[in-house]
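Undergrad: Quick one: this structure, given as structure tokens, is what I'll be asking you about.
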Amino acid sequence: MRVNNSAVSAIFDDMADLLEIEGENPFRVRAYRTASRTISGLSQDVSELIADTQDLTKLPGIGKDLAAKIYEIVTTGHLSALDEIKKRVNPRLIEYMRIAGLGGKRVSALNSKLGIFNLKQLETAARNHKICKLPGFGEKVERSILQGIKRARDYGKRIMLPEAEEIAESVIRHLRESKGIGKVVVAGSFRRRRETVRDLDIMVTAGNSSDVSGRFLSFPQISRVISRGETRTTVILNSGIQVDIRVVPEESYGSALHYFTGSKSHNIGVRKLGVKAGLKINEYGVFKGQRRICGQSEEEVYESVGLPFIEPELREDTGELEAARNGLLPNLIELTDIKGDLHSHTSRTDGHATIEEMVSAARAKGYEYLAITDHSKHLAMTHGLKESDLEGQIEHIDRLNETLEGFTVLKGIEVDIMEDGSLDLSDSVLKRLDVVVCSVHYKFNLSRDKQTKRVLKAMDNQYFNILAHPTGRLINKREPFEIDIEAIIRGAKERGCILELNSYPERLDLNETHCRLAKEMKVKISIDTDSHSTGDLDFMRFGVGQARRGWLEKDDVINTRSLSDVRKLLKRK
DNA sequence: GCCGTTTTCGGCCCGACTGTTTTCAGTCG
């Protein structure tokens with residue numbers, strides 16, 4: 001049976017929640033959560049590892065017991081320990097755990113004292129003021145539960161980076177207007193360039209006398225204050241986004257930035273190293289006994305545990321600490337390494353700018369080249385190009401190139417991959433192009449096997465260069481379609497094809513795990529914007545962020561190369 | 001439940017804030 005990693009990790013998350021509600025040993029609960037994270041971060045399916053008879057206990061946080069449980073899940077599709085605990089603890093209580101302010105203890109009390117087990121009943125009980133009468137609960141907790149339910153309902157989703165950037169910038173502008181404020185930095189998952197963020201952690205350095213918290217609370221878009229203290233203040237904005245402000249003294253800048261950037265499990269890893277070295281590491285610094293030995297910069301914090309600086313995008317506890325220890329950290333790609341963009345649209349199909357406008361915007365970014373890759377005819381709603389249209393565009397670009405100096409427009413297409421694996425345009429026109437970007441735009445619901453074969457067959461076409469947005473997912477909107485991504489990467493390797501990392505904030509497709517896998521398998525990535533307007537060219541920063549999360553270096557990415565090198569890499573043998 | 005220059009048991013990262021308490025448990029990041 002094929003069981004994917006997200007299924008295993010979801011089962012472990014459920015186990016953790018139910019054990020927590022049952023009041024189990026918190027370290028046992030943590031073991032399940034750690035294992036869930038380990039599994040979801042794997043580049044290979046655990047079912048394949050098992051098929052390869054690999055030793056699962058070699059994975060971090062997986063011991064004999066959890067390895068056996070993974071084996072059970074993969075071979076039977078379920079976990080008897082979970083079935084058992086569900087007999088003792090109502091599994092519907094898991095949804096309570098998602099509400100801010102409710103943890104295992106309170107969920108357990110609500111269930112045992114009031115006998116309620118779904119959100120509707122919880123809401124009714126709160127409205128009828130039954131909850132505040134319970135020991136350990138009060139009116140405020142009751143109110144916060146009601147707000148938590150509403151929030152979970154209204155804004156359950158995480159926001160994408162462009163919106164997060166906008167909010168962060170306006171908060172920062174507001175804070176900077178007050179006196180006595182030193183550095184203001186957005187830390188947290190935003191700094192790690194996660195695909196989405198649930199809240200913003202903004203770190204401020206300031207002296208004791210400055211009232212940062214007061215200044216922050218005068219920000220006009222605050223809908224609710226969750227907590228307010230000297231060093232930490234948390235609010236919910238009208239948009240539903242949570243913003244945390246943390247105030248630290250200037251000398252703690254490095255240790256605080258490290259602490260607030262996370263990830264949590266990366267920090268735990270660093271602190272454990274600290275404990276081994278007889279040090280205590282917290283947001284105020286690195287301490288030997290009572291004595292503070294450093295903490296001014298993040299570099300100092302890492303140095304105190306014998307490590308080089310680790311880039312924020314790598315801090316997910318997915319092997320970066322070990323790599324750092326062994327001097328094997330990647331030299332991550334930078335936005336400034338990008339020399340061009342190989343996927344863009346114009347107003348000829350569904351874009352909003354002419355070729356000339358796109359070219360001038362790309363030149364303004366300092367690029368050497370831009371590929372124009374409009375849609376092919378199958379995408380009728382975009383006015384996709386048929387062969388004769390594309391021939392016209394080819395001639396247009398040839399004439400344009402004659403007028404340009406130091407810049408080249410690459411002739412391209414984003415051609416549809418048909419259900420049978422053929423391409424939407426004939427070879428006779430594809431062969432006249434510099435770059436052929438290929439995409440699945442329909443029939444997302446084929447079986448995993450059929451979808452994989454469809455794309456591999458398309459790659460057999462000798463003009464196939466780049467597989468665009470390989471999994472088709474739209475963050476918060478559409479799940480990735482079923483496809484064996486490892487087989488696709490291997491297929492690309494064998495055929496000399498390139499995989500796209502699409503920089504559209506809602507795509508970011510490939511994800512970081514796929515990028516790492518492609519890098520390991522030595523398949524080149526093209527970080528493209530899929531621009532539909534001149535402004536979209538700026539999406540490149542999101543793609544590069546994702547690439548950095550995927551441990552990619554300059555050499556792993558085709559569009560860091562000069563035009564002549566790109567042309568060579570696009571030539572299939 | 002994991003893990004080991006304190007190695008097969010006894011630890012397990014660390015601190016802030018809230019609310020309900022009257023010294024602390026629960027939750028969060």
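Chains: A, B, ... in order of the structure tokens. Residues: from 1 per chain. Ligands: from 1, in order shown.
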Do you know which residues are at most 10 Å from region 10-21 of chain B counting only C-alpha atoms (C1' of nucleotides), after dropping those on the same chain fewer than 4 positions away, and could you put them as an NGL selection string?
TA: (:A and (26-28 or 30 or 101 or 135-141 or 226-234 or 264-265 or 267-272 or 274-275 or 280-283)) or (:B and (2-3 or 25-29))
Undergrad: Just the residues within 12 Å of Ser43 (chain A), please, counting only C-alpha atoms (C1' of nucleotides), with nothing from its chain fewer than 3 positions along; format it as a list in words.
TA: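 In the requested format, the answer is Asn4, Asn5, Ser6, Thr38, Ile39, Ser40, Val46, Ser47, Glu48, Leu49, Thr318, Asp484, Ile485, Glu486, Ile489, Asn511, Glu512, Thr513, His514, Cys515, Arg516, Leu517, Ala518, Lys519, Glu520, Met521 and Gly550 of chain A.
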Undergrad: From region 73-314 of chain A, collect each residue whose DSSP state is alpha helix (DSSP H) and return the set as a CSV table (one decimal) with C-alpha atoms, in the first residue's frame.
TA:
```
chain,number,residue,atom,x,y,z
A,73,ILE,CA,0.5,2.8,9.2
A,74,VAL,CA,2.3,2.2,5.9
A,75,THR,CA,1.3,-1.5,5.7
A,76,THR,CA,-2.2,-1.3,7.1
A,80,SER,CA,-4.2,0.7,16.2
A,81,ALA,CA,-2.8,2.9,19.0
A,82,LEU,CA,-4.7,5.8,17.5
A,83,ASP,CA,-7.9,3.7,17.3
A,84,GLU,CA,-7.4,2.8,20.9
A,85,ILE,CA,-7.0,6.3,22.2
A,86,LYS,CA,-10.0,7.4,20.2
A,87,LYS,CA,-12.0,5.0,22.4
A,88,ARG,CA,-10.9,6.9,25.4
A,104,GLY,CA,-4.9,19.9,26.5
A,105,LYS,CA,-5.8,20.7,30.1
A,106,ARG,CA,-8.7,23.0,29.3
A,107,VAL,CA,-10.0,20.9,26.5
A,108,SER,CA,-10.1,17.9,28.8
A,109,ALA,CA,-11.9,20.0,31.5
A,110,LEU,CA,-14.5,21.3,29.1
A,111,ASN,CA,-15.2,17.8,27.9
A,112,SER,CA,-15.3,16.1,31.3
A,113,LYS,CA,-17.1,18.9,33.2
A,114,LEU,CA,-19.6,20.0,30.5
A,119,LEU,CA,-17.4,23.6,18.3
A,120,LYS,CA,-21.1,24.5,18.1
A,121,GLN,CA,-21.6,23.1,21.6
A,122,LEU,CA,-18.6,24.9,22.8
A,123,GLU,CA,-19.8,28.2,21.4
A,124,THR,CA,-23.3,27.7,23.0
A,125,ALA,CA,-21.8,26.9,26.4
A,126,ALA,CA,-19.7,30.0,26.2
A,127,ARG,CA,-22.6,32.2,25.2
A,139,GLU,CA,-15.1,35.3,32.3
A,140,LYS,CA,-12.0,36.3,30.4
A,141,VAL,CA,-11.2,32.8,29.3
A,142,GLU,CA,-14.8,32.4,28.3
A,143,ARG,CA,-14.7,35.5,26.2
A,144,SER,CA,-11.4,34.6,24.6
A,145,ILE,CA,-12.8,31.2,23.6
A,146,LEU,CA,-15.7,32.9,21.8
A,147,GLN,CA,-13.2,35.2,20.0
A,148,GLY,CA,-11.0,32.2,19.3
A,149,ILE,CA,-13.9,30.3,17.6
A,150,LYS,CA,-14.7,33.4,15.5
A,151,ARG,CA,-11.1,33.9,14.5
A,152,ALA,CA,-10.6,30.2,13.6
A,153,ARG,CA,-13.8,30.5,11.5
A,154,ASP,CA,-12.9,33.8,9.8
A,161,LEU,CA,4.0,36.7,1.7
A,162,PRO,CA,3.0,39.8,-0.3
A,163,GLU,CA,0.2,40.6,2.2
A,164,ALA,CA,2.5,39.9,5.1
A,165,GLU,CA,5.1,42.3,3.6
A,166,GLU,CA,2.5,45.0,3.2
A,167,ILE,CA,1.3,44.7,6.8
A,168,ALA,CA,4.9,44.5,8.2
A,169,GLU,CA,5.9,47.6,6.3
A,170,SER,CA,3.0,49.6,7.6
A,171,VAL,CA,3.6,48.5,11.2
A,172,ILE,CA,7.3,49.3,10.9
A,173,ARG,CA,6.6,52.7,9.5
A,174,HIS,CA,4.3,53.4,12.4
A,175,LEU,CA,6.9,52.3,15.0
A,176,ARG,CA,9.7,54.2,13.4
A,188,GLY,CA,9.7,34.6,12.7
A,189,SER,CA,8.5,32.5,9.7
A,190,PHE,CA,8.5,35.7,7.7
A,191,ARG,CA,12.2,36.1,8.0
A,212,VAL,CA,7.3,50.9,22.3
A,213,SER,CA,4.3,49.0,23.4
A,214,GLY,CA,2.2,52.2,23.8
A,215,ARG,CA,3.3,53.4,20.4
A,216,PHE,CA,2.4,50.0,18.8
A,217,LEU,CA,-1.0,50.1,20.4
A,253,TYR,CA,20.0,42.1,19.5
A,254,GLY,CA,21.7,38.9,18.1
A,255,SER,CA,20.3,36.4,20.7
A,256,ALA,CA,16.8,38.0,20.4
A,257,LEU,CA,16.8,37.9,16.6
A,258,HIS,CA,17.9,34.3,16.7
A,259,TYR,CA,15.3,33.4,19.3
A,260,PHE,CA,12.4,35.2,17.5
A,261,THR,CA,13.4,34.0,14.1
A,264,LYS,CA,11.2,26.6,17.3
A,265,SER,CA,12.8,23.2,16.8
A,266,HIS,CA,15.9,24.8,15.3
A,267,ASN,CA,16.2,26.9,18.5
A,268,ILE,CA,15.8,23.8,20.6
A,269,GLY,CA,18.6,22.2,18.7
A,270,VAL,CA,20.9,25.2,19.2
A,271,ARG,CA,20.0,25.4,22.9
A,272,LYS,CA,20.7,21.7,23.4
A,273,LEU,CA,24.1,22.3,21.9
A,274,GLY,CA,24.4,25.1,24.4
A,275,VAL,CA,23.5,22.8,27.3
A,276,LYS,CA,26.2,20.4,26.3
A,298,GLU,CA,23.5,36.0,15.7
A,299,GLU,CA,27.0,35.0,14.6
A,300,GLU,CA,28.1,35.2,18.2
A,301,VAL,CA,25.3,32.9,19.3
A,302,TYR,CA,26.2,30.3,16.7
A,303,GLU,CA,29.9,30.7,17.5
A,304,SER,CA,29.2,30.0,21.2
```
Undergrad: From a backbone DSSP assignment, name each residue in region 396-530 of chain A labelled strand (DSSP E or B), as an MDAnalysis selection string.
TA: chainID A and resid 408:417 423 435:439 466:467 474 478 498:502 509 525:528
Undergrad: Which residues are near region 341-346 of chain A? Cut-off 7 Å, only C-alpha atoms (C1' of nucleotides), ignore same chain within fewer than 4 positions. Put them as an mmCIF file with C-alpha atoms, in the first residue's frame.
TA:
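Dumped to out_10.cif:
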```cif
data_model
loop_
_atom_site.group_PDB
_atom_site.id
_atom_site.type_symbol
_atom_site.label_atom_id
_atom_site.label_comp_id
_atom_site.auth_asym_id
_atom_site.auth_seq_id
_atom_site.Cartn_x
_atom_site.Cartn_y
_atom_site.Cartn_z
ATOM 1 C CA ASP A 350 -3.702 36.681 -20.691
ATOM 2 C CA GLY A 351 -0.965 39.127 -19.682
ATOM 3 C CA HIS A 352 -1.414 42.873 -19.213
ATOM 4 C CA ALA A 353 1.656 44.318 -20.917
ATOM 5 C CA THR A 354 3.103 44.245 -24.423
ATOM 6 C CA ILE A 355 6.332 42.464 -25.251
ATOM 7 C CA TYR A 369 17.351 38.094 -21.120
ATOM 8 C CA LEU A 370 13.619 37.495 -20.837
ATOM 9 C CA ALA A 371 11.679 34.635 -22.376
ATOM 10 C CA ILE A 372 8.237 35.471 -23.717
ATOM 11 C CA THR A 373 6.165 32.349 -23.136
ATOM 12 C CA ASP A 374 2.519 32.999 -23.893
ATOM 13 C CA ASP A 528 10.611 31.943 -13.056
ATOM 14 C CA THR A 529 8.019 34.554 -12.261
ATOM 15 C CA ASP A 530 5.302 33.478 -14.716
ATOM 16 C CA SER A 531 4.719 37.237 -14.943
ATOM 17 C CA HIS A 532 1.417 38.488 -16.299
ATOM 18 C CA ASN A 559 18.808 31.532 -14.871
#
```
Undergrad: Show me, as number ranges by chain, the residues that have an atom within 9 Å of region 451-465 of chain A when counting only C-alpha atoms (C1' of nucleotides), minus same-chain residues fewer than 6 positions from it.
TA: A: 417-423, 427, 430-431, 433, 435-440, 443-445, 481-485, 487-488, 491-492, 495-499, 570-573
Undergrad: Enter the distance from CA of Leu237 (chain A) to CA of Val197 (chain A), in Å, rounded to one decimal.
TA: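 Rounded to one decimal, the two atoms are 14.3 Å apart.
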Undergrad: Check the smallest atom-to-atom distance from each of A:Asp244, A:Glu479, A:Asp449, A:Asp565 to chain B using only C-alpha atoms (C1' of nucleotides), then report the winner.
TA: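 Under the stated criterion, the closest residue is A:Asp244.
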Undergrad: In Å, with one decimal, what is the gap from CA of Ser223 (chain A) to CA of Ile99 (chain A)?
TA: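 CA of Ser223 (chain A) sits 17.9 Å away from CA of Ile99 (chain A).
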